[in-house]
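Colleague: Sharing my_file.cif here; it has mmCIF, C-alpha atoms.
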data_entry
loop_
_atom_site.group_PDB
_atom_site.id
_atom_site.type_symbol
_atom_site.label_atom_id
_atom_site.label_comp_id
_atom_site.auth_asym_id
_atom_site.auth_seq_id
_atom_site.Cartn_x
_atom_site.Cartn_y
_atom_site.Cartn_z
ATOM 1 C CA MET G 12 -4.723 9.590 6.269
ATOM 2 C CA ARG G 13 -6.759 11.826 8.550
ATOM 3 C CA ALA G 14 -3.913 11.860 11.069
ATOM 4 C CA GLU G 15 -1.582 13.132 8.335
ATOM 5 C CA ARG G 16 -4.092 15.841 7.446
ATOM 6 C CA LEU G 17 -4.422 16.956 11.072
ATOM 7 C CA LEU G 18 -0.646 17.072 11.445
ATOM 8 C CA ARG G 19 -0.296 19.219 8.321
ATOM 9 C CA LEU G 20 -2.939 21.571 9.671
ATOM 10 C CA LEU G 21 -1.250 21.782 13.070
ATOM 11 C CA LEU G 22 2.195 22.445 11.593
ATOM 12 C CA TYR G 23 0.781 25.108 9.274
ATOM 13 C CA LEU G 24 -0.798 26.965 12.192
ATOM 14 C CA GLN G 25 2.410 26.633 14.180
ATOM 15 C CA THR G 26 4.542 28.186 11.422
ATOM 16 C CA ARG G 27 2.090 30.754 9.978
ATOM 17 C CA GLY G 28 0.213 31.946 13.045
ATOM 18 C CA GLN G 29 -3.345 33.271 12.926
ATOM 19 C CA THR G 30 -5.070 32.089 9.736
ATOM 20 C CA THR G 31 -8.616 32.021 8.397
ATOM 21 C CA VAL G 32 -10.444 28.857 7.366
ATOM 22 C CA ALA G 33 -10.412 30.035 3.744
ATOM 23 C CA GLN G 34 -6.635 30.537 3.820
ATOM 24 C CA LEU G 35 -6.118 27.115 5.386
ATOM 25 C CA ALA G 36 -8.373 25.485 2.798
ATOM 26 C CA GLU G 37 -6.450 27.083 -0.067
ATOM 27 C CA ALA G 38 -2.995 26.375 1.370
ATOM 28 C CA LEU G 39 -3.679 22.736 2.250
ATOM 29 C CA ASP G 40 -5.995 21.986 -0.706
ATOM 30 C CA ILE G 41 -8.815 20.850 1.592
ATOM 31 C CA SER G 42 -12.452 21.966 1.605
ATOM 32 C CA PRO G 43 -13.417 24.670 4.140
ATOM 33 C CA ARG G 44 -15.933 22.291 5.715
ATOM 34 C CA THR G 45 -13.209 19.676 6.311
ATOM 35 C CA ILE G 46 -10.886 22.359 7.714
ATOM 36 C CA GLN G 47 -13.608 23.475 10.136
ATOM 37 C CA ARG G 48 -14.222 19.898 11.240
ATOM 38 C CA ASP G 49 -10.496 19.219 11.701
ATOM 39 C CA LEU G 50 -10.022 22.377 13.763
ATOM 40 C CA GLU G 51 -12.771 21.196 16.093
ATOM 41 C CA VAL G 52 -11.130 17.751 16.328
ATOM 42 C CA LEU G 53 -7.790 19.332 17.309
ATOM 43 C CA SER G 54 -9.503 21.449 19.937
ATOM 44 C CA LEU G 55 -11.329 18.446 21.427
ATOM 45 C CA ALA G 56 -8.028 16.533 21.480
ATOM 46 C CA GLY G 57 -6.547 19.143 23.815
ATOM 47 C CA VAL G 58 -4.521 21.176 21.326
ATOM 48 C CA PRO G 59 -4.592 24.825 22.556
ATOM 49 C CA ILE G 60 -6.265 26.199 19.455
ATOM 50 C CA TYR G 61 -8.773 29.043 19.567
ATOM 51 C CA SER G 62 -10.836 31.170 17.208
ATOM 52 C CA ILE G 63 -10.814 34.959 16.972
ATOM 53 C CA ARG G 64 -14.104 36.564 15.965
ATOM 54 C CA GLY G 65 -14.534 39.569 13.735
ATOM 55 C CA ARG G 66 -13.388 40.822 10.359
ATOM 56 C CA ARG G 67 -9.730 40.233 11.144
ATOM 57 C CA GLY G 68 -10.360 36.998 12.959
ATOM 58 C CA GLY G 69 -9.263 33.460 12.281
ATOM 59 C CA TRP G 70 -7.759 30.502 14.068
ATOM 60 C CA ALA G 71 -4.500 30.385 16.017
ATOM 61 C CA LEU G 72 -2.471 28.367 18.509
ATOM 62 C CA LEU G 73 -1.425 29.672 21.892
ATOM 63 C CA PRO G 74 1.906 31.491 21.342
ATOM 64 C CA ASP G 75 4.017 29.141 23.465
ATOM 65 C CA TYR G 76 2.632 25.910 22.023
ATOM 66 C CA ARG G 77 4.969 23.756 19.917
ATOM 67 C CA THR G 78 4.580 20.203 18.650
ATOM 68 C CA ARG G 79 7.435 17.934 19.591
ATOM 69 C CA LEU G 80 8.152 15.205 17.040
ATOM 70 C CA THR G 81 11.467 14.246 18.601
ATOM 71 C CA GLY G 82 12.829 11.261 20.487
ATOM 72 C CA LEU G 83 13.410 8.984 17.492
ATOM 73 C CA THR G 84 15.817 6.129 18.172
ATOM 74 C CA PRO G 85 18.507 5.214 15.590
ATOM 75 C CA SER G 86 16.455 2.166 14.525
ATOM 76 C CA GLU G 87 13.341 4.298 14.088
ATOM 77 C CA VAL G 88 15.283 6.825 12.033
ATOM 78 C CA MET G 89 16.589 4.080 9.735
ATOM 79 C CA SER G 90 13.087 2.666 9.241
ATOM 80 C CA VAL G 91 11.799 6.097 8.181
ATOM 81 C CA PHE G 92 14.510 6.824 5.638
ATOM 82 C CA VAL G 93 14.860 3.320 4.190
ATOM 83 C CA GLY G 94 11.172 2.531 3.846
ATOM 84 C CA ALA G 95 10.132 5.009 1.136
ATOM 85 C CA THR G 96 8.779 3.429 -2.060
ATOM 86 C CA ALA G 97 9.489 5.718 -4.997
ATOM 87 C CA HIS G 98 6.950 4.392 -7.508
ATOM 88 C CA VAL G 99 4.105 4.590 -4.966
ATOM 89 C CA LEU G 100 4.936 8.230 -4.184
ATOM 90 C CA ALA G 101 5.151 8.949 -7.907
ATOM 91 C CA ASP G 102 1.664 7.501 -8.468
ATOM 92 C CA LEU G 103 0.349 9.802 -5.753
ATOM 93 C CA GLY G 104 2.247 12.786 -7.132
ATOM 94 C CA LEU G 105 4.265 13.033 -3.931
ATOM 95 C CA ASP G 106 7.747 12.086 -5.141
ATOM 96 C CA ALA G 107 9.094 15.658 -5.256
ATOM 97 C CA SER G 108 7.452 16.500 -1.935
ATOM 98 C CA SER G 109 8.971 13.378 -0.397
ATOM 99 C CA ASP G 110 12.506 14.391 -1.380
ATOM 100 C CA LEU G 111 12.006 17.873 0.084
ATOM 101 C CA ALA G 112 10.444 16.458 3.250
ATOM 102 C CA VAL G 113 13.367 14.065 3.778
ATOM 103 C CA THR G 114 15.835 16.938 3.418
ATOM 104 C CA LYS G 115 13.903 19.075 5.920
ATOM 105 C CA LEU G 116 13.487 16.221 8.366
ATOM 106 C CA ILE G 117 17.185 15.354 8.310
ATOM 107 C CA ALA G 118 18.073 18.999 8.898
ATOM 108 C CA SER G 119 15.772 19.143 11.921
ATOM 109 C CA LEU G 120 17.277 16.094 13.653
ATOM 110 C CA PRO G 121 19.875 16.304 16.420
ATOM 111 C CA GLU G 122 23.463 15.874 15.212
ATOM 112 C CA GLY G 123 23.875 12.251 16.327
ATOM 113 C CA THR G 124 20.522 11.143 14.952
ATOM 114 C CA ARG G 125 21.189 13.038 11.712
ATOM 115 C CA ARG G 126 24.323 10.965 11.154
ATOM 116 C CA GLU G 127 22.305 7.765 11.623
ATOM 117 C CA ALA G 128 19.740 8.957 9.068
ATOM 118 C CA GLU G 129 22.336 9.883 6.445
ATOM 119 C CA TYR G 130 24.205 6.628 7.081
ATOM 120 C CA ALA G 131 21.082 4.555 6.432
ATOM 121 C CA ARG G 132 19.938 6.655 3.494
ATOM 122 C CA GLN G 133 23.250 6.260 1.639
ATOM 123 C CA ARG G 134 23.602 2.512 2.273
ATOM 124 C CA LEU G 135 20.128 0.942 2.192
ATOM 125 C CA LEU G 136 17.348 1.100 -0.379
ATOM 126 C CA ILE G 137 14.191 -0.986 -0.612
ATOM 127 C CA ASP G 138 12.785 -1.114 -4.148
ATOM 128 C CA HIS G 139 9.481 -2.985 -4.191
ATOM 129 C CA ALA G 140 9.162 -2.774 -7.972
ATOM 130 C CA GLY G 141 10.136 -5.735 -10.149
ATOM 131 C CA TRP G 142 12.498 -5.718 -13.105
ATOM 132 C CA ASP G 143 9.507 -5.607 -15.426
ATOM 133 C CA ASP G 144 8.674 -1.918 -15.375
ATOM 134 C CA ARG G 145 5.182 -2.438 -16.744
ATOM 135 C CA ARG G 146 2.451 -1.665 -14.261
ATOM 136 C CA GLU G 147 -1.187 -0.748 -14.111
ATOM 137 C CA THR G 148 -2.002 2.878 -14.732
ATOM 138 C CA PRO G 149 -3.855 4.014 -11.600
ATOM 139 C CA ARG G 150 -6.610 5.712 -13.593
ATOM 140 C CA TRP G 151 -8.909 6.416 -10.660
ATOM 141 C CA LEU G 152 -6.221 6.954 -8.041
ATOM 142 C CA THR G 153 -6.494 10.747 -7.805
ATOM 143 C CA LEU G 154 -10.284 10.634 -7.508
ATOM 144 C CA CYS G 155 -10.176 7.913 -4.839
ATOM 145 C CA ARG G 156 -7.572 9.841 -2.894
ATOM 146 C CA GLU G 157 -9.759 12.962 -3.016
ATOM 147 C CA ALA G 158 -12.740 10.966 -1.740
ATOM 148 C CA LEU G 159 -10.608 9.587 1.104
ATOM 149 C CA TRP G 160 -9.319 13.003 2.132
ATOM 150 C CA GLU G 161 -12.715 14.667 1.919
ATOM 151 C CA GLU G 162 -14.565 11.666 3.410
ATOM 152 C CA MET G 163 -17.088 11.701 0.573
ATOM 153 C CA ARG G 164 -18.890 8.681 -0.849
ATOM 154 C CA LEU G 165 -17.906 7.285 -4.266
ATOM 155 C CA ALA G 166 -20.205 5.891 -6.940
ATOM 156 C CA ILE G 167 -18.321 3.173 -8.845
ATOM 157 C CA THR G 168 -18.870 0.544 -11.515
ATOM 158 C CA TYR G 169 -16.806 -2.642 -11.394
ATOM 159 C CA ALA G 170 -15.652 -4.791 -14.295
ATOM 160 C CA ASP G 171 -17.717 -7.790 -13.155
ATOM 161 C CA GLY G 172 -20.770 -6.340 -14.890
ATOM 162 C CA THR G 173 -22.677 -5.237 -11.810
ATOM 163 C CA GLU G 174 -24.780 -2.086 -11.773
ATOM 164 C CA PRO G 175 -23.185 1.117 -10.375
ATOM 165 C CA PHE G 176 -23.112 1.211 -6.575
ATOM 166 C CA GLU G 177 -21.897 3.522 -3.824
ATOM 167 C CA VAL G 178 -19.087 2.916 -1.344
ATOM 168 C CA ASP G 179 -17.427 4.749 1.520
ATOM 169 C CA PRO G 180 -13.676 4.822 0.729
ATOM 170 C CA LEU G 181 -11.592 3.873 3.765
ATOM 171 C CA GLY G 182 -8.093 3.340 2.370
ATOM 172 C CA LEU G 183 -5.777 2.871 -0.595
ATOM 173 C CA VAL G 184 -3.225 0.064 -0.719
ATOM 174 C CA ALA G 185 -0.327 -0.301 -3.169
ATOM 175 C CA LYS G 186 0.687 -3.971 -3.398
ATOM 176 C CA ALA G 187 3.789 -4.213 -5.581
ATOM 177 C CA ARG G 188 2.683 -2.134 -8.595
ATOM 178 C CA THR G 189 -1.069 -2.625 -8.234
ATOM 179 C CA TRP G 190 -3.439 -0.266 -6.400
ATOM 180 C CA TYR G 191 -6.473 -1.377 -4.392
ATOM 181 C CA LEU G 192 -9.332 0.600 -2.841
ATOM 182 C CA VAL G 193 -10.641 -0.603 0.519
ATOM 183 C CA ALA G 194 -14.212 0.586 0.988
ATOM 184 C CA ALA G 195 -17.424 -0.087 2.899
ATOM 185 C CA ARG G 196 -20.615 -0.926 1.027
ATOM 186 C CA THR G 197 -23.790 0.858 2.065
ATOM 187 C CA ASP G 198 -24.772 -2.253 4.015
ATOM 188 C CA GLY G 199 -21.575 -1.963 6.074
ATOM 189 C CA ARG G 200 -19.645 -4.827 4.438
ATOM 190 C CA LEU G 201 -15.956 -4.155 3.799
ATOM 191 C CA ARG G 202 -14.647 -4.933 0.331
ATOM 192 C CA THR G 203 -11.405 -4.551 -1.647
ATOM 193 C CA TYR G 204 -11.513 -3.258 -5.235
ATOM 194 C CA ARG G 205 -8.666 -3.347 -7.735
ATOM 195 C CA LEU G 206 -8.468 0.123 -9.283
ATOM 196 C CA SER G 207 -7.659 -1.224 -12.736
ATOM 197 C CA ARG G 208 -11.002 -3.080 -12.714
ATOM 198 C CA LEU G 209 -13.077 0.030 -12.046
ATOM 199 C CA THR G 210 -14.864 1.052 -15.234
ATOM 200 C CA SER G 211 -16.194 4.291 -13.758
ATOM 201 C CA ALA G 212 -15.879 6.328 -10.585
ATOM 202 C CA THR G 213 -17.667 9.502 -9.530
ATOM 203 C CA LEU G 214 -17.225 11.616 -6.427
ATOM 204 C CA THR G 215 -20.613 12.270 -4.835
ATOM 205 C CA THR G 216 -21.560 15.079 -2.465
ATOM 206 C CA ILE G 217 -22.617 12.618 0.246
ATOM 207 C CA PRO G 218 -20.350 12.680 3.317
ATOM 208 C CA PHE G 219 -19.812 9.589 5.433
ATOM 209 C CA THR G 220 -18.503 8.863 8.912
ATOM 210 C CA ARG G 221 -15.395 6.745 9.011
ATOM 211 C CA PRO G 222 -15.781 3.763 11.389
ATOM 212 C CA PRO G 223 -13.797 4.709 14.500
ATOM 213 C CA THR G 224 -12.500 1.148 14.986
ATOM 214 C CA PHE G 225 -11.330 0.616 11.407
ATOM 215 C CA ASP G 226 -7.569 0.161 10.969
ATOM 216 C CA LEU G 227 -6.306 -0.173 7.400
ATOM 217 C CA ALA G 228 -3.196 -2.218 8.186
ATOM 218 C CA THR G 229 -5.150 -4.664 10.350
ATOM 219 C CA TYR G 230 -7.845 -5.078 7.707
ATOM 220 C CA TRP G 231 -5.323 -5.642 4.921
ATOM 221 C CA THR G 232 -3.365 -8.248 6.887
ATOM 222 C CA GLN G 233 -6.542 -10.174 7.696
ATOM 223 C CA SER G 234 -7.788 -9.850 4.115
ATOM 224 C CA GLN G 235 -4.537 -11.245 2.714
ATOM 225 C CA ARG G 236 -4.641 -14.121 5.200
ATOM 226 C CA GLU G 237 -8.191 -15.016 4.169
ATOM 227 C CA PHE G 238 -7.304 -14.753 0.478
ATOM 228 C CA GLN G 239 -4.357 -17.121 0.857
ATOM 229 C CA ALA G 240 -6.498 -19.590 2.816
ATOM 230 C CA SER G 241 -9.167 -19.586 0.084
ATOM 231 C CA ARG G 242 -6.741 -20.283 -2.768
ATOM 232 C CA PRO G 243 -6.788 -23.769 -4.356
ATOM 233 C CA SER G 244 -3.902 -25.861 -3.031
ATOM 234 C CA TYR G 245 -1.783 -28.412 -4.918
ATOM 235 C CA PRO G 246 1.357 -29.321 -2.911
ATOM 236 C CA ILE G 247 4.271 -30.836 -4.821
ATOM 237 C CA THR G 248 7.839 -31.946 -4.091
ATOM 238 C CA LEU G 249 10.614 -31.157 -6.553
ATOM 239 C CA LYS G 250 14.312 -31.736 -7.036
ATOM 240 C CA VAL G 251 15.660 -28.464 -8.426
ATOM 241 C CA ARG G 252 19.087 -27.281 -9.621
ATOM 242 C CA ASP G 253 20.538 -24.409 -7.620
ATOM 243 C CA HIS G 254 20.233 -21.899 -10.474
ATOM 244 C CA ALA G 255 16.472 -22.534 -10.715
ATOM 245 C CA VAL G 256 15.421 -22.573 -7.041
ATOM 246 C CA HIS G 257 14.381 -18.922 -7.188
ATOM 247 C CA ARG G 258 11.620 -19.920 -9.604
ATOM 248 C CA PHE G 259 9.710 -21.622 -6.807
ATOM 249 C CA ARG G 260 8.407 -20.467 -3.440
ATOM 250 C CA PRO G 261 9.244 -23.110 -0.801
ATOM 251 C CA THR G 262 6.638 -23.874 1.848
ATOM 252 C CA THR G 263 9.282 -25.502 4.088
ATOM 253 C CA PRO G 264 13.060 -25.038 4.344
ATOM 254 C CA MET G 265 14.892 -26.343 1.266
ATOM 255 C CA LEU G 266 17.108 -29.415 1.689
ATOM 256 C CA PRO G 267 20.448 -29.660 -0.152
ATOM 257 C CA THR G 268 21.214 -32.853 -2.043
ATOM 258 C CA ASP G 269 23.939 -34.097 -4.398
ATOM 259 C CA ASN G 270 25.678 -32.009 -7.084
ATOM 260 C CA ASN G 271 24.006 -28.621 -6.499
ATOM 261 C CA TRP G 272 20.442 -29.927 -6.404
ATOM 262 C CA TRP G 273 17.832 -29.031 -3.784
ATOM 263 C CA ILE G 274 14.682 -30.710 -2.499
ATOM 264 C CA ILE G 275 11.853 -28.176 -2.492
ATOM 265 C CA HIS G 276 8.304 -28.456 -1.173
ATOM 266 C CA THR G 277 6.036 -25.881 -2.768
ATOM 267 C CA ASP G 278 2.336 -25.262 -3.335
ATOM 268 C CA LEU G 279 0.655 -24.337 -6.627
ATOM 269 C CA GLU G 280 -3.007 -23.936 -7.547
ATOM 270 C CA ASN G 281 -3.617 -27.042 -9.681
ATOM 271 C CA PRO G 282 -1.857 -29.851 -11.660
ATOM 272 C CA HIS G 283 -1.874 -27.856 -14.887
ATOM 273 C CA GLU G 284 -0.098 -24.871 -13.321
ATOM 274 C CA ALA G 285 2.401 -27.247 -11.713
ATOM 275 C CA ARG G 286 3.079 -28.998 -15.027
ATOM 276 C CA ALA G 287 3.720 -25.674 -16.784
ATOM 277 C CA ALA G 288 6.028 -24.482 -13.990
ATOM 278 C CA VAL G 289 8.150 -27.667 -14.131
ATOM 279 C CA LEU G 290 8.358 -27.838 -17.929
ATOM 280 C CA ALA G 291 9.446 -24.182 -18.028
ATOM 281 C CA GLN G 292 12.689 -25.180 -16.251
ATOM 282 C CA ALA G 293 13.819 -27.379 -19.163
ATOM 283 C CA GLY G 294 15.091 -30.229 -17.009
ATOM 284 C CA ALA G 295 16.295 -28.141 -14.073
ATOM 285 C CA ALA G 296 13.278 -29.297 -12.002
ATOM 286 C CA ILE G 297 12.309 -32.947 -11.437
ATOM 287 C CA VAL G 298 8.995 -33.979 -9.896
ATOM 288 C CA LEU G 299 9.267 -36.354 -6.929
ATOM 289 C CA ASP G 300 5.650 -36.174 -5.784
ATOM 290 C CA PRO G 301 2.714 -36.543 -6.472
ATOM 291 C CA PRO G 302 2.745 -39.450 -8.950
ATOM 292 C CA GLU G 303 -0.033 -37.964 -11.087
ATOM 293 C CA LEU G 304 2.139 -34.928 -11.824
ATOM 294 C CA ILE G 305 5.003 -37.195 -12.892
ATOM 295 C CA THR G 306 2.603 -38.841 -15.368
ATOM 296 C CA LEU G 307 1.484 -35.439 -16.682
ATOM 297 C CA ILE G 308 5.110 -34.395 -17.204
ATOM 298 C CA HIS G 309 5.894 -37.638 -19.081
ATOM 299 C CA GLU G 310 2.879 -37.174 -21.355
ATOM 300 C CA ALA G 311 3.681 -33.535 -22.036
ATOM 301 C CA ALA G 312 7.368 -34.326 -22.753
ATOM 302 C CA GLN G 313 6.334 -37.069 -25.174
ATOM 303 C CA GLN G 314 3.975 -34.710 -27.013
ATOM 304 C CA ILE G 315 6.717 -32.104 -27.276
ATOM 305 C CA ALA G 316 9.197 -34.662 -28.632
ATOM 306 C CA GLU G 317 6.712 -35.940 -31.207
ATOM 307 C CA SER G 318 5.798 -32.463 -32.389
ATOM 308 C CA HIS G 319 9.461 -31.596 -32.948
#
Take the structure from the file and write it as structure tokens.
Modeller:
Amino acid sequence: MRAERLLRLLLYLQTRGQTTVAQLAEALDISPRTIQRDLEVLSLAGVPIYSIRGRRGGWALLPDYRTRLTGLTPSEVMSVFVGATAHVLADLGLDASSDLAVTKLIASLPEGTRREAEYARQRLLIDHAGWDDRRETPRWLTLCREALWEEMRLAITYADGTEPFEVDPLGLVAKARTWYLVAARTDGRLRTYRLSRLTSATLTTIPFTRPPTFDLATYWTQSQREFQASRPSYPITLKVRDHAVHRFRPTTPMLPTDNNWWIIHTDLENPHEARAAVLAQAGAAIVLDPPELITLIHEAAQQIAESH
């Protein structure tokens, strides 16, 4: 997120010329202190930026300096224009800005690359939302985003009944239609918090230093791997009709069998979840293993028959 902020600042200076910290703060909706810090970061990174003292002073780039965001390959162009997720941008209030940015970016591309972008944009769309349009309202999303941008500590209360505590927000993750806050506790431990389970959140005036080695994508991948490994495991083998195979997530390649049936190996959390999943298919799924699940299905089917 900080890289995006620095890029916005750099592009603003490139297009507007000499500007004061106050003007930059107002235009980019960032605190003057953060602007000052970011200007120093750009200077240390080798960007030819300099300050002009006095009443008519400000900050400016050397006249001949221009950023060069070119050199995209056709595959890279396609990944940029196909990968946008509309509902995530809408949650962040960036959907209109995204449309305008796409239009500007396409216009700035060389002719050949522009054709690749338009080709991909008109033919491919990735919609990560499900058919069920219900989703969690990201109540604390705006506040968490502000804390991230300003690098200010948050005081939060979680739905598990713990007392309020402070965290350093390091990232926001949208998984499907659910938002998560990745943050560091005051003891340095990294934790993931589901925004819908926050019962309160307050932006403090305490700044924090973002760990220089922290990478959000790397953390999230590792976190998901650890979560999957910690889940209870109940492997089962089923014989499933072709119209019902999408109801299960195979752990190995499916094997075709007679008359449009498939052999599927899948993994659920416990026998009770497995029983409910099989019964929900109304005969389109048959348990082959384990034997205890077959017994549970027989007992449940008998109870259903007797009650009807």
Colleague: Given all atoms listed in the file as the basis, pick out the residue of G:Glu237, G:Asp300, G:Glu174, G:Asp49 nearest to Pro282 of chain G.
Modeller: G:Asp300
Colleague: Looking at all atoms listed in the file, which of G:Thr215, G:Pro222, G:Leu304, G:Arg164 is the one that sits closest to Leu249 of chain G?
Modeller: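 Closest candidate: G:Leu304.
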Colleague: How would you write, as a PyMOL selection string, the residues chosen by the PyMOL selection byres ((chain G and resi 243) around 12) on this structure?
Modeller: chain G and resi 238-242+244-246+278-282+284
Colleague: Which residues fall under the PyMOL selection byres ((chain G and resi 67) around 10) in this file, as a count of residues only?
Modeller: 9
Colleague: Pull out every residue that the PyMOL selection byres ((chain G and resi 36) around 12) matches in the shown coordinates and put them as a list in words.
Modeller: Arg16, Arg19, Leu20, Tyr23, Thr30, Thr31, Val32, Ala33, Gln34, Leu35, Glu37, Ala38, Leu39, Asp40, Ile41, Ser42, Pro43, Arg44, Thr45, Ile46, Gln47, Arg48, Asp49, Leu50 and Glu161 of chain G
Colleague: What is the atom CA of Ala212 of chain G-atom CA of Ile167 of chain G distance in Å, reported with one decimal?
Modeller: 4.4 Å
Colleague: Here is a test: counting all atoms listed in the file, which residue of G:Gly182, G:Ala295, G:Leu201, G:Arg286 is nearest to His257 of chain G?
Modeller: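 The closest residue to His257 of chain G is G:Ala295.
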Colleague: Taking all atoms listed in the file into account, name the residue in G:Glu162, G:Gln25, G:Leu73, G:Ile247 that is nearest to Pro302 of chain G.
Modeller: G:Ile247
Colleague: Rounded to one decimal in Å, what is the spacing between atom CA of Pro180 of chain G and atom CA of Gln235 of chain G?
Modeller: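 So the two atoms, atom CA of Pro180 of chain G and atom CA of Gln235 of chain G, lie 18.6 Å apart.
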Colleague: What is the distance, in Å and to one decimal place, between atom CA of Ser318 of chain G and atom CA of Val289 of chain G?
Modeller: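 A separation of 19.0 Å between them.
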Colleague: So, with all atoms listed in the file as the atoms that count, which of G:Arg150, G:His309, G:Arg188, G:His254 lies closest to Leu290 of chain G?
Modeller: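 Result for the nearest residue to Leu290 of chain G: G:His309.
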Colleague: Identify, on the basis of only C-alpha atoms, every residue whose closest approach to Ala166 of chain G does not exceed 8 Å; exclude the query and any residue fewer than 2 positions from it along the same chain; express the result as a list of chain:residue names.
Modeller: G:Arg164, G:Thr168, G:Pro175, G:Phe176, G:Glu177, G:Val178, G:Ala212, G:Thr213, G:Leu214, G:Thr215
Colleague: Save segment 166-202 of chain G to a file: C-alpha atoms, as a short mmCIF file (atom, residue, chain, number, x, y, z; two decimals), in the first residue's frame.
Modeller:
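The resulting out12.cif:
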data_model
loop_
_atom_site.label_atom_id
_atom_site.label_comp_id
_atom_site.auth_asym_id
_atom_site.auth_seq_id
_atom_site.Cartn_x
_atom_site.Cartn_y
_atom_site.Cartn_z
CA ALA G 166 -7.38 -0.10 19.32
CA ILE G 167 -9.85 -2.94 18.68
CA THR G 168 -12.23 -5.23 20.52
CA TYR G 169 -12.86 -8.71 19.14
CA ALA G 170 -16.02 -10.80 19.39
CA ASP G 171 -14.31 -13.49 21.48
CA GLY G 172 -14.91 -11.44 24.62
CA THR G 173 -11.35 -10.27 25.19
CA GLU G 174 -10.56 -6.83 26.57
CA PRO G 175 -9.72 -4.05 24.06
CA PHE G 176 -6.16 -4.26 22.74
CA GLU G 177 -3.92 -2.39 20.31
CA VAL G 178 -2.53 -3.63 17.01
CA ASP G 179 -0.35 -2.32 14.21
CA PRO G 180 -2.34 -2.80 10.97
CA LEU G 181 -0.18 -4.31 8.22
CA GLY G 182 -2.67 -5.30 5.52
CA LEU G 183 -6.24 -5.92 4.41
CA VAL G 184 -7.25 -9.09 2.58
CA ALA G 185 -10.53 -9.73 0.75
CA LYS G 186 -11.15 -13.49 0.54
CA ALA G 187 -14.24 -14.07 -1.59
CA ARG G 188 -16.68 -11.62 0.04
CA THR G 189 -15.10 -11.51 3.49
CA TRP G 190 -12.55 -8.94 4.68
CA TYR G 191 -9.66 -9.69 7.05
CA LEU G 192 -7.22 -7.40 8.85
CA VAL G 193 -3.64 -8.62 9.19
CA ALA G 194 -1.99 -6.90 12.14
CA ALA G 195 0.87 -7.18 14.63
CA ARG G 196 0.15 -7.34 18.35
CA THR G 197 2.21 -5.15 20.64
CA ASP G 198 4.32 -8.19 21.48
CA GLY G 199 5.21 -8.59 17.79
CA ARG G 200 2.98 -11.60 17.05
CA LEU G 201 1.16 -11.49 13.70
CA ARG G 202 -2.56 -12.21 13.75
#
